[in-house]
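Listing of work.cif, mmCIF, C-alpha atoms
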data_work
loop_
_atom_site.group_PDB
_atom_site.id
_atom_site.type_symbol
_atom_site.label_atom_id
_atom_site.label_comp_id
_atom_site.auth_asym_id
_atom_site.auth_seq_id
_atom_site.Cartn_x
_atom_site.Cartn_y
_atom_site.Cartn_z
ATOM 1 C CA MET A 1 6.891 -1.373 21.656
ATOM 2 C CA THR A 2 9.908 -1.809 19.455
ATOM 3 C CA GLN A 3 10.012 -1.225 15.737
ATOM 4 C CA ALA A 4 10.106 -4.958 15.026
ATOM 5 C CA GLU A 5 7.040 -5.638 17.126
ATOM 6 C CA PHE A 6 5.200 -2.821 15.433
ATOM 7 C CA LEU A 7 6.117 -4.124 11.993
ATOM 8 C CA ASN A 8 4.902 -7.584 12.946
ATOM 9 C CA ILE A 9 1.510 -6.159 13.745
ATOM 10 C CA VAL A 10 1.347 -3.952 10.689
ATOM 11 C CA ILE A 11 2.806 -6.143 7.939
ATOM 12 C CA PRO A 12 -0.211 -8.459 7.507
ATOM 13 C CA PHE A 13 -2.509 -5.623 6.554
ATOM 14 C CA LYS A 14 -0.326 -2.861 5.160
ATOM 15 C CA ASP A 15 -1.065 -4.032 1.614
ATOM 16 C CA LYS A 16 -4.752 -3.908 2.356
ATOM 17 C CA ILE A 17 -4.421 -0.323 3.504
ATOM 18 C CA PHE A 18 -2.540 0.481 0.328
ATOM 19 C CA ARG A 19 -5.108 -1.168 -1.940
ATOM 20 C CA LEU A 20 -8.017 0.548 -0.248
ATOM 21 C CA ALA A 21 -6.217 3.878 -0.533
ATOM 22 C CA LYS A 22 -5.522 3.200 -4.179
ATOM 23 C CA ARG A 23 -9.124 2.250 -4.816
ATOM 24 C CA LEU A 24 -10.239 5.604 -3.473
ATOM 25 C CA LEU A 25 -7.427 7.893 -4.578
ATOM 26 C CA VAL A 26 -6.777 6.086 -7.905
ATOM 27 C CA SER A 27 -3.206 7.284 -8.307
ATOM 28 C CA ARG A 28 -0.500 4.957 -7.066
ATOM 29 C CA GLU A 29 1.677 7.736 -5.692
ATOM 30 C CA GLU A 30 -1.180 9.256 -3.751
ATOM 31 C CA ALA A 31 -2.053 5.864 -2.343
ATOM 32 C CA GLU A 32 1.553 5.285 -1.290
ATOM 33 C CA ASP A 33 1.657 8.609 0.470
ATOM 34 C CA ALA A 34 -1.628 7.890 2.204
ATOM 35 C CA THR A 35 -0.419 4.474 3.345
ATOM 36 C CA GLN A 36 2.765 5.976 4.682
ATOM 37 C CA GLU A 37 0.768 8.589 6.519
ATOM 38 C CA ILE A 38 -1.503 5.974 8.081
ATOM 39 C CA LEU A 39 1.419 3.809 9.174
ATOM 40 C CA LEU A 40 3.169 6.786 10.707
ATOM 41 C CA LYS A 41 0.013 7.714 12.572
ATOM 42 C CA LEU A 42 -0.174 4.187 13.918
ATOM 43 C CA TRP A 43 3.498 4.320 14.893
ATOM 44 C CA ASN A 44 3.061 7.586 16.728
ATOM 45 C CA ASN A 45 0.136 6.139 18.628
ATOM 46 C CA LYS A 46 1.884 2.857 19.256
ATOM 47 C CA THR A 47 1.330 3.081 22.972
ATOM 48 C CA LYS A 48 -2.399 2.982 22.389
ATOM 49 C CA ILE A 49 -2.272 0.176 19.845
ATOM 50 C CA GLU A 50 -2.360 -2.527 22.481
ATOM 51 C CA GLU A 51 -5.644 -1.190 23.765
ATOM 52 C CA TYR A 52 -7.424 -1.674 20.464
ATOM 53 C CA LYS A 53 -9.147 -4.971 20.063
ATOM 54 C CA ASN A 54 -8.765 -5.085 16.328
ATOM 55 C CA VAL A 55 -5.895 -3.011 14.991
ATOM 56 C CA GLU A 56 -6.566 -4.101 11.439
ATOM 57 C CA ALA A 57 -10.196 -3.000 11.395
ATOM 58 C CA PHE A 58 -9.215 0.208 13.141
ATOM 59 C CA SER A 59 -6.572 0.911 10.508
ATOM 60 C CA MET A 60 -8.997 0.250 7.674
ATOM 61 C CA THR A 61 -11.475 2.700 9.158
ATOM 62 C CA MET A 62 -8.665 5.194 9.543
ATOM 63 C CA THR A 63 -7.623 4.692 5.925
ATOM 64 C CA LYS A 64 -11.164 5.150 4.699
ATOM 65 C CA ASN A 65 -11.607 8.380 6.626
ATOM 66 C CA PHE A 66 -8.204 9.693 5.643
ATOM 67 C CA CYS A 67 -8.783 9.055 1.928
ATOM 68 C CA LEU A 68 -12.279 10.506 1.962
ATOM 69 C CA ASP A 69 -10.927 13.626 3.668
ATOM 70 C CA LYS A 70 -8.239 13.846 1.056
ATOM 71 C CA LEU A 71 -10.768 13.531 -1.742
ATOM 72 C CA LYS A 72 -12.928 16.184 -0.148
ATOM 73 C CA SER A 73 -10.078 18.665 0.007
ATOM 74 C CA LYS A 74 -9.226 17.812 -3.592
ATOM 75 C CA HIS A 75 -12.773 18.554 -4.689
ATOM 76 C CA ALA A 76 -12.697 21.790 -2.762
ATOM 77 C CA GLN A 77 -9.570 22.840 -4.604
ATOM 78 C CA ASN A 78 -11.239 21.857 -7.831
ATOM 79 C CA LEU A 79 -8.281 19.705 -8.584
ATOM 80 C CA LYS A 80 -9.036 16.243 -9.761
ATOM 81 C CA ILE A 81 -6.343 13.745 -10.388
ATOM 82 C CA VAL A 82 -6.962 11.341 -13.167
ATOM 83 C CA HIS A 83 -4.301 8.775 -13.186
ATOM 84 C CA SER A 84 -4.780 5.432 -14.805
ATOM 85 C CA ASN A 85 -1.852 3.136 -14.705
ATOM 86 C CA TYR A 86 -3.332 -0.122 -15.739
ATOM 87 C CA GLN A 87 -0.855 -2.168 -17.634
ATOM 88 C CA ASP A 88 -1.216 -4.314 -20.664
ATOM 89 C CA LYS A 89 1.594 -6.751 -20.427
ATOM 90 C CA ASN A 90 0.999 -9.260 -23.172
ATOM 91 C CA THR A 91 -0.126 -8.164 -26.594
ATOM 92 C CA SER A 92 0.597 -11.269 -28.567
ATOM 93 C CA LEU A 93 -2.751 -12.991 -28.254
ATOM 94 C CA GLN A 94 -5.997 -11.489 -29.377
ATOM 95 C CA LYS A 95 -7.942 -13.212 -26.642
ATOM 96 C CA GLN A 96 -5.611 -12.022 -23.955
ATOM 97 C CA ILE A 97 -5.909 -8.460 -25.163
ATOM 98 C CA GLU A 98 -9.628 -8.726 -25.025
ATOM 99 C CA LEU A 99 -9.581 -10.152 -21.562
ATOM 100 C CA ASN A 100 -7.109 -7.567 -20.354
ATOM 101 C CA ASP A 101 -9.253 -4.940 -21.924
ATOM 102 C CA SER A 102 -12.356 -6.085 -20.129
ATOM 103 C CA VAL A 103 -10.401 -6.376 -16.882
ATOM 104 C CA ASN A 104 -9.492 -2.731 -17.357
ATOM 105 C CA TRP A 105 -13.131 -2.045 -17.943
ATOM 106 C CA VAL A 106 -13.923 -3.515 -14.554
ATOM 107 C CA ALA A 107 -11.404 -1.142 -12.997
ATOM 108 C CA LYS A 108 -12.971 1.811 -14.741
ATOM 109 C CA ILE A 109 -16.480 0.764 -13.812
ATOM 110 C CA ILE A 110 -15.513 0.421 -10.168
ATOM 111 C CA GLU A 111 -13.827 3.806 -10.354
ATOM 112 C CA ASN A 112 -17.142 5.349 -11.334
ATOM 113 C CA LEU A 113 -19.127 3.755 -8.539
ATOM 114 C CA PRO A 114 -20.157 5.867 -5.560
ATOM 115 C CA GLU A 115 -17.427 6.007 -2.944
ATOM 116 C CA GLN A 116 -19.225 3.878 -0.410
ATOM 117 C CA GLN A 117 -19.866 1.094 -2.914
ATOM 118 C CA LYS A 118 -16.257 1.336 -4.029
ATOM 119 C CA ILE A 119 -15.078 0.797 -0.457
ATOM 120 C CA ILE A 120 -17.452 -2.090 0.114
ATOM 121 C CA ILE A 121 -16.502 -3.871 -3.117
ATOM 122 C CA GLN A 122 -12.856 -3.402 -2.218
ATOM 123 C CA LEU A 123 -13.253 -4.732 1.299
ATOM 124 C CA ARG A 124 -15.458 -7.648 0.347
ATOM 125 C CA ASP A 125 -14.482 -8.897 -3.093
ATOM 126 C CA ILE A 126 -10.815 -8.078 -2.979
ATOM 127 C CA GLU A 127 -9.841 -8.160 0.679
ATOM 128 C CA GLN A 128 -12.477 -10.755 1.588
ATOM 129 C CA TYR A 129 -13.628 -9.366 4.881
ATOM 130 C CA ASP A 130 -16.663 -10.656 6.694
ATOM 131 C CA LEU A 131 -19.814 -8.611 6.271
ATOM 132 C CA ASP A 132 -19.865 -8.016 10.008
ATOM 133 C CA GLU A 133 -16.291 -6.784 9.938
ATOM 134 C CA ILE A 134 -17.073 -4.406 7.093
ATOM 135 C CA ALA A 135 -20.130 -3.153 8.927
ATOM 136 C CA LYS A 136 -17.948 -2.397 11.954
ATOM 137 C CA MET A 137 -15.241 -0.708 9.888
ATOM 138 C CA LEU A 138 -17.697 1.547 8.111
ATOM 139 C CA ASP A 139 -19.943 2.040 11.092
ATOM 140 C CA MET A 140 -22.941 0.753 9.151
ATOM 141 C CA LYS A 141 -25.575 -1.877 9.699
ATOM 142 C CA ASN A 142 -24.934 -5.333 8.360
ATOM 143 C CA THR A 143 -28.004 -5.202 6.107
ATOM 144 C CA ALA A 144 -27.018 -1.812 4.712
ATOM 145 C CA VAL A 145 -23.634 -3.217 3.753
ATOM 146 C CA ARG A 146 -25.306 -6.159 2.064
ATOM 147 C CA VAL A 147 -27.626 -3.919 0.064
ATOM 148 C CA ALA A 148 -24.787 -1.639 -1.054
ATOM 149 C CA LEU A 149 -22.690 -4.654 -1.985
ATOM 150 C CA SER A 150 -25.471 -6.171 -4.022
ATOM 151 C CA ARG A 151 -26.073 -2.866 -5.793
ATOM 152 C CA ALA A 152 -22.410 -2.456 -6.591
ATOM 153 C CA ARG A 153 -22.101 -5.984 -7.943
ATOM 154 C CA LYS A 154 -25.189 -5.624 -10.079
ATOM 155 C CA SER A 155 -24.110 -2.322 -11.547
ATOM 156 C CA ILE A 156 -20.674 -3.721 -12.379
ATOM 157 C CA ARG A 157 -22.286 -6.644 -14.171
ATOM 158 C CA GLU A 158 -24.798 -4.448 -16.007
ATOM 159 C CA GLN A 159 -22.150 -2.043 -17.223
ATOM 160 C CA LEU A 160 -19.907 -4.879 -18.271
ATOM 161 C CA THR A 161 -22.732 -6.347 -20.335
ATOM 162 C CA LYS A 162 -23.313 -2.958 -21.887
ATOM 163 C CA THR A 163 -19.716 -2.411 -22.931
ATOM 164 C CA HIS A 164 -19.455 -5.988 -24.070
ATOM 165 C CA SER A 165 -22.464 -5.902 -26.352
ATOM 166 C CA TYR A 166 -21.359 -2.507 -27.597
ATOM 167 C CA GLY A 167 -18.072 -4.027 -28.687
ATOM 168 C CA ALA A 168 -19.819 -6.974 -30.343
ATOM 169 C CA LYS A 169 -21.989 -4.771 -32.493
ATOM 170 C CA MET B 1 -24.798 -29.981 -12.633
ATOM 171 C CA GLU B 2 -21.776 -27.876 -11.790
ATOM 172 C CA LEU B 3 -22.921 -25.123 -14.106
ATOM 173 C CA ASN B 4 -26.262 -25.069 -12.387
ATOM 174 C CA ASN B 5 -24.521 -24.677 -9.102
ATOM 175 C CA ILE B 6 -22.435 -21.766 -10.417
ATOM 176 C CA GLU B 7 -25.508 -20.047 -11.764
ATOM 177 C CA ASN B 8 -27.197 -20.351 -8.407
ATOM 178 C CA LEU B 9 -24.134 -19.012 -6.694
ATOM 179 C CA LEU B 10 -23.990 -16.064 -9.091
ATOM 180 C CA GLU B 11 -27.536 -15.124 -8.283
ATOM 181 C CA LYS B 12 -26.820 -15.291 -4.596
ATOM 182 C CA TYR B 13 -23.624 -13.368 -5.230
ATOM 183 C CA GLU B 14 -25.456 -10.506 -6.868
ATOM 184 C CA ASN B 15 -27.795 -10.308 -3.927
ATOM 185 C CA GLY B 16 -24.832 -10.142 -1.586
ATOM 186 C CA GLU B 17 -25.826 -13.370 0.096
ATOM 187 C CA THR B 18 -22.871 -15.586 -0.676
ATOM 188 C CA THR B 19 -20.404 -16.558 2.001
ATOM 189 C CA LEU B 20 -16.706 -15.941 1.545
ATOM 190 C CA LYS B 21 -16.226 -19.629 0.807
ATOM 191 C CA GLU B 22 -18.811 -19.586 -1.955
ATOM 192 C CA GLU B 23 -17.238 -16.506 -3.423
ATOM 193 C CA GLN B 24 -13.907 -18.288 -3.475
ATOM 194 C CA GLU B 25 -15.596 -21.101 -5.401
ATOM 195 C CA LEU B 26 -16.818 -18.597 -7.961
ATOM 196 C CA LYS B 27 -13.370 -17.075 -8.244
ATOM 197 C CA ASN B 28 -11.879 -20.513 -8.784
ATOM 198 C CA TYR B 29 -14.431 -21.323 -11.440
ATOM 199 C CA PHE B 30 -13.807 -18.113 -13.344
ATOM 200 C CA SER B 31 -10.059 -18.462 -13.182
ATOM 201 C CA GLN B 32 -10.337 -21.422 -15.568
ATOM 202 C CA GLU B 33 -9.397 -21.037 -19.202
ATOM 203 C CA THR B 34 -12.885 -21.697 -20.493
ATOM 204 C CA VAL B 35 -16.179 -20.862 -18.930
ATOM 205 C CA ALA B 36 -19.708 -21.267 -20.252
ATOM 206 C CA THR B 37 -20.278 -18.625 -22.933
ATOM 207 C CA HIS B 38 -23.286 -17.030 -21.303
ATOM 208 C CA LEU B 39 -21.290 -16.561 -18.121
ATOM 209 C CA GLU B 40 -18.222 -15.142 -19.823
ATOM 210 C CA ILE B 41 -19.285 -11.638 -18.877
ATOM 211 C CA TYR B 42 -18.402 -12.389 -15.243
ATOM 212 C CA LYS B 43 -14.921 -13.561 -16.053
ATOM 213 C CA PRO B 44 -13.179 -10.154 -16.186
ATOM 214 C CA MET B 45 -14.882 -9.193 -12.948
ATOM 215 C CA PHE B 46 -13.518 -12.119 -10.981
ATOM 216 C CA THR B 47 -10.169 -11.995 -12.735
ATOM 217 C CA TYR B 48 -9.872 -8.372 -11.737
ATOM 218 C CA PHE B 49 -10.595 -9.211 -8.119
ATOM 219 C CA THR B 50 -8.045 -11.998 -8.021
ATOM 220 C CA VAL B 51 -5.380 -9.934 -9.756
ATOM 221 C CA ASN B 52 -5.974 -6.973 -7.493
ATOM 222 C CA GLN B 53 -5.473 -9.040 -4.377
ATOM 223 C CA LYS B 54 -1.833 -9.351 -5.261
ATOM 224 C CA GLU B 55 -0.921 -5.702 -5.402
ATOM 225 C CA THR B 56 1.489 -4.800 -2.635
ATOM 226 C CA PHE B 57 2.815 -1.743 -0.918
ATOM 227 C CA THR B 58 6.508 -1.507 -1.662
ATOM 228 C CA LYS B 59 7.513 1.841 -0.249
ATOM 229 C CA THR B 60 9.407 1.748 3.023
ATOM 230 C CA VAL B 61 8.173 3.837 5.869
ATOM 231 C CA PRO B 62 10.725 5.741 7.921
ATOM 232 C CA LEU B 63 9.873 4.960 11.515
ATOM 233 C CA LYS B 64 11.564 7.274 13.957
ATOM 234 C CA SER B 65 10.994 7.539 17.633
ATOM 235 C CA LYS B 66 10.516 11.023 18.952
ATOM 236 C CA LYS B 67 13.740 13.015 19.277
ATOM 237 C CA THR B 68 12.812 14.741 22.515
ATOM 238 C CA ILE B 69 13.258 11.474 24.380
ATOM 239 C CA SER B 70 16.930 11.204 23.399
ATOM 240 C CA TYR B 71 17.575 14.842 24.360
ATOM 241 C CA LYS B 72 16.117 14.194 27.759
ATOM 242 C CA TRP B 73 18.508 11.326 28.339
ATOM 243 C CA ILE B 74 21.473 13.350 27.138
ATOM 244 C CA SER B 75 20.753 16.000 29.775
ATOM 245 C CA VAL B 76 20.395 13.336 32.430
ATOM 246 C CA ALA B 77 23.772 11.899 31.445
ATOM 247 C CA ALA B 78 25.348 15.365 31.489
ATOM 248 C CA VAL B 79 24.074 16.068 34.981
ATOM 249 C CA ALA B 80 25.307 12.687 36.170
ATOM 250 C CA ILE B 81 28.790 13.319 34.784
ATOM 251 C CA LEU B 82 28.863 16.792 36.322
ATOM 252 C CA LEU B 83 27.859 15.496 39.733
ATOM 253 C CA LEU B 84 30.454 12.725 39.578
ATOM 254 C CA GLY B 85 33.121 15.271 38.635
ATOM 255 C CA ILE B 86 32.256 17.531 41.560
ATOM 256 C CA PHE B 87 32.089 14.608 43.951
ATOM 257 C CA PHE B 88 35.548 13.288 43.114
ATOM 258 C CA ASN B 89 37.192 16.731 43.120
ATOM 259 C CA THR B 90 35.911 17.975 46.467
ATOM 260 C CA PRO B 91 38.677 18.483 49.089
ATOM 261 C CA ILE B 92 36.512 16.653 51.591
ATOM 262 C CA PHE B 93 36.787 13.561 49.513
ATOM 263 C CA GLN B 94 40.568 13.864 49.209
ATOM 264 C CA GLN B 95 41.232 14.589 52.882
ATOM 265 C CA GLU B 96 41.637 11.830 55.300
ATOM 266 C CA ASP B 97 38.757 11.775 57.679
ATOM 267 C CA ASP B 98 40.701 10.332 60.604
ATOM 268 C CA LEU B 99 42.932 13.047 62.042
ATOM 269 C CA GLY B 100 43.684 11.280 65.323
ATOM 270 C CA THR B 101 42.851 12.364 68.854
ATOM 271 C CA PHE B 102 44.850 13.249 71.953
ATOM 272 C CA ASP B 103 44.338 11.191 75.062
ATOM 273 C CA ASP B 104 45.900 13.697 77.501
ATOM 274 C CA PRO B 105 43.969 17.012 77.778
ATOM 275 C CA MET B 106 47.231 18.878 78.565
ATOM 276 C CA THR B 107 48.940 17.879 75.339
ATOM 277 C CA ALA B 108 45.743 18.655 73.503
ATOM 278 C CA TYR B 109 45.750 22.158 75.049
ATOM 279 C CA ASN B 110 49.389 22.650 74.081
ATOM 280 C CA GLU B 111 48.728 21.564 70.558
ATOM 281 C CA VAL B 112 45.801 23.952 70.277
ATOM 282 C CA VAL B 113 47.860 26.829 71.639
ATOM 283 C CA LYS B 114 50.638 25.961 69.219
ATOM 284 C CA SER B 115 48.408 25.936 66.233
ATOM 285 C CA LEU B 116 46.626 29.140 67.315
ATOM 286 C CA GLU B 117 50.001 30.824 67.674
ATOM 287 C CA LEU B 118 50.919 29.677 64.262
ATOM 288 C CA ILE B 119 47.714 31.185 62.889
ATOM 289 C CA SER B 120 48.211 34.509 64.713
ATOM 290 C CA ASN B 121 51.827 34.683 63.557
ATOM 291 C CA SER B 122 50.946 34.309 59.963
ATOM 292 C CA LEU B 123 48.057 36.720 60.438
ATOM 293 C CA ASN B 124 50.459 39.317 61.826
ATOM 294 C CA LYS B 125 52.740 38.748 58.868
ATOM 295 C CA GLY B 126 49.817 39.681 56.689
ATOM 296 C CA THR B 127 49.006 42.841 58.656
ATOM 297 C CA GLU B 128 52.633 43.979 58.484
ATOM 298 C CA LYS B 129 52.266 44.002 54.745
ATOM 299 C CA LEU B 130 49.188 46.178 55.137
ATOM 300 C CA GLY B 131 51.498 48.877 56.637
ATOM 301 C CA TYR B 132 52.544 49.740 53.124
ATOM 302 C CA LEU B 133 49.037 51.164 52.593
ATOM 303 C CA ASP B 134 50.217 54.322 54.487
ATOM 304 C CA GLN B 135 52.819 54.932 51.850
ATOM 305 C CA LEU B 136 50.143 54.462 49.197
ATOM 306 C CA ASP B 137 48.066 57.139 50.895
ATOM 307 C CA ALA B 138 51.012 59.546 50.880
ATOM 308 C CA GLY B 139 51.462 58.849 47.184
ATOM 309 C CA MET B 140 47.789 59.444 46.578
ATOM 310 C CA SER B 141 47.882 62.824 48.333
ATOM 311 C CA LYS B 142 50.733 63.800 46.078
ATOM 312 C CA VAL B 143 48.660 62.864 43.100
ATOM 313 C CA GLY B 144 46.057 65.268 44.575
ATOM 314 C CA TYR B 145 48.317 68.173 43.557
ATOM 315 C CA LEU B 146 47.577 67.283 39.956
ATOM 316 C CA ASP B 147 44.014 68.468 40.487
ATOM 317 C CA GLU B 148 45.250 71.795 41.713
ATOM 318 C CA MET B 149 47.510 72.079 38.726
ATOM 319 C CA GLU B 150 44.615 71.373 36.446
ATOM 320 C CA THR B 151 42.447 74.085 37.976
ATOM 321 C CA LYS B 152 45.305 76.497 37.620
ATOM 322 C CA THR B 153 45.897 75.641 33.967
ATOM 323 C CA LYS B 154 42.190 76.125 33.395
ATOM 324 C CA ILE B 155 42.400 79.585 34.861
ATOM 325 C CA ILE B 156 45.350 80.362 32.624
ATOM 326 C CA PHE B 157 43.526 79.209 29.530
ATOM 327 C CA LYS B 158 40.573 81.318 30.441
#
Same coordinates, now as structure tokens:
Amino acid sequence: MTQAEFLNIVIPFKDKIFRLAKRLLVSREEAEDATQEILLKLWNNKTKIEEYKNVEAFSMTMTKNFCLDKLKSKHAQNLKIVHSNYQDKNTSLQKQIELNDSVNWVAKIIENLPEQQKIIIQLRDIEQYDLDEIAKMLDMKNTAVRVALSRARKSIREQLTKTHSYGAK
Amino acid sequence: MELNNIENLLEKYENGETTLKEEQELKNYFSQETVATHLEIYKPMFTYFTVNQKETFTKTVPLKSKKTISYKWISVAAVAILLLGIFFNTPIFQQEDDLGTFDDPMTAYNEVVKSLELISNSLNKGTEKLGYLDQLDAGMSKVGYLDEMETKTKIIFK
């Protein structure tokens, strides 16, 4: 397999790998490193790639496992990276600030969700994967994915309402 | 009517029962400037999802094939060149294979005798030169006296 062929396979989902890594590792740099690592692993196993039925799903599973491992070793070292680079671009309009602010809130709320819910929200609401696909990627049952998704969505909404009413008072 | 529909969809959404198409509908609805006030709480959520879809990975990944492969081929090339060099330099290759034959056995015999004589002549020339080795021996025996001298000087020093 040549480099061009490999890139053709990888390009459609490399951003998805990056976003999932960023969702889990939070910091952009860490996510970039993780993505690079995953792509290199794929490249080194390029002879096997043709055997996989779904390279994309396989890569997402790989990313998930890689990031969770990374987080585990971070916890073990008692070293937690807190890195929030959410940007406020426009400050001219009050409404826009508010909206931006609540968008940031969503990011923070998701950041505090349990890891599994984080992954599921990322895969479903941002990357728009089928529930069946997600179930395969995470090695879970379809119903379990649905339940976790519903829980995650509800807790995001509840916490948003909380912060919103807090601001209003 | 439409609002009703959205509310229904939201409920389904929270139960994780919406299809991807329905979720896209929700995203479209909440990307509008104005939404119903009691639903405004959902707006940042869907905005966040839509915005986040656009984040891309910009770093380039250095893709290198394994180096060992190229080394292997270099050695193969080296061996090939070596073999070619040896092949073209061998005297066998430079000699003409066809030396000709004699039809008459008598002339062939004479030729063989001639060439054997030639060989023995030059061999004798070589052995004549070996005669000088006698002189070398005589010289060597003279050098032998040095040993005697040494033993004698040793005695003197004692």
**Message:** Can you measure atom CA of Arg19 of chain A to atom CA of Ile41 of chain B for me? One decimal in Å is fine.
**Reply:**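 The value is 24.4 Å.
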Compute the set of chain A residues within 9 Å of chain B, using all atoms listed in the file, and express it as a compact mmCIF listing (two decimals) with C-alpha atoms, keeping the file's coordinate frame.
# COMPACT_ATOMS: atom_id res chain seq x y z
CA GLN A 3 10.01 -1.23 15.74
CA LYS A 14 -0.33 -2.86 5.16
CA ASP A 15 -1.06 -4.03 1.61
CA LYS A 16 -4.75 -3.91 2.36
CA ILE A 17 -4.42 -0.32 3.50
CA PHE A 18 -2.54 0.48 0.33
CA ARG A 19 -5.11 -1.17 -1.94
CA GLU A 32 1.55 5.28 -1.29
CA ASP A 33 1.66 8.61 0.47
CA THR A 35 -0.42 4.47 3.34
CA GLN A 36 2.76 5.98 4.68
CA GLU A 37 0.77 8.59 6.52
CA LEU A 39 1.42 3.81 9.17
CA LEU A 40 3.17 6.79 10.71
CA TRP A 43 3.50 4.32 14.89
CA ASN A 44 3.06 7.59 16.73
CA LEU A 99 -9.58 -10.15 -21.56
CA ASN A 100 -7.11 -7.57 -20.35
CA ASP A 101 -9.25 -4.94 -21.92
CA SER A 102 -12.36 -6.08 -20.13
CA VAL A 103 -10.40 -6.38 -16.88
CA ASN A 104 -9.49 -2.73 -17.36
CA TRP A 105 -13.13 -2.04 -17.94
CA VAL A 106 -13.92 -3.52 -14.55
CA ALA A 107 -11.40 -1.14 -13.00
CA GLN A 122 -12.86 -3.40 -2.22
CA ARG A 124 -15.46 -7.65 0.35
CA ASP A 125 -14.48 -8.90 -3.09
CA ILE A 126 -10.82 -8.08 -2.98
CA GLU A 127 -9.84 -8.16 0.68
CA GLN A 128 -12.48 -10.76 1.59
CA TYR A 129 -13.63 -9.37 4.88
CA ASP A 130 -16.66 -10.66 6.69
CA VAL A 145 -23.63 -3.22 3.75
CA ARG A 146 -25.31 -6.16 2.06
CA VAL A 147 -27.63 -3.92 0.06
CA ALA A 148 -24.79 -1.64 -1.05
CA LEU A 149 -22.69 -4.65 -1.98
CA SER A 150 -25.47 -6.17 -4.02
CA ARG A 151 -26.07 -2.87 -5.79
CA ALA A 152 -22.41 -2.46 -6.59
CA ARG A 153 -22.10 -5.98 -7.94
CA LYS A 154 -25.19 -5.62 -10.08
CA ILE A 156 -20.67 -3.72 -12.38
CA ARG A 157 -22.29 -6.64 -14.17
CA LEU A 160 -19.91 -4.88 -18.27
CA THR A 161 -22.73 -6.35 -20.34
CA HIS A 164 -19.45 -5.99 -24.07
**Request:** Could you give me, as an MDAnalysis selection string, the residues within 9 Å of Phe66 of chain A, counting all atoms listed in the file and dropping anything in the same chain fewer than 3 positions from it?
**Result:** chainID A and resid 21 34 38 61:63 69:71
**Asked** With only C-alpha atoms as the atoms that count, which of A:Lys22, A:Lys41, A:Lys72, A:Lys118 lies nearest to Ser59 of chain A?
**Response**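 Looking at the shortest contact to Ser59 of chain A, the residue is A:Lys41.
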**Request:** Rank A:Ile119, A:Phe6, A:Asp139, A:Val26 by their smallest atom-to-atom distance to Thr47 of chain A, using all atoms listed in the file, and report the top residue only.
**Result:**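 Closest residue, counting all atoms listed in the file: A:Phe6.
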**Message:** For a test of reading the model, state the distance in Å between atom CA of Leu123 of chain A and atom CA of Glu33 of chain B, rounded to one decimal.
**Reply:**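 About the pair atom CA of Leu123 of chain A and atom CA of Glu33 of chain B: they are 26.5 Å apart.
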**Prompt:** For Asn142 of chain A, which of A:Gln159, A:Ile120, A:Asn54, A:Asn65 is the closest residue, counting all atoms listed in the file?
**Reply:**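 Checking each candidate against Asn142 of chain A, we get A:Ile120 as the closest.
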**Message:** To one decimal place in Å, what is the distance between atom CA of Leu20 of chain A and atom CA of Ser73 of chain A?
**Reply:** 18.2 Å
**Asked** Just so the selection is clear, what residues does the PyMOL selection byres ((chain A and resi 5) around 12) cover here, as a PyMOL selection string?
**Response** chain A and resi 1-4+6-11+43+46-47+49-50
**Prompt:** Nearest to Leu24 of chain A: which of A:Ala57, A:Pro12, A:Tyr52, A:Leu113 is it, counting all atoms listed in the file?
**Reply:** A:Leu113
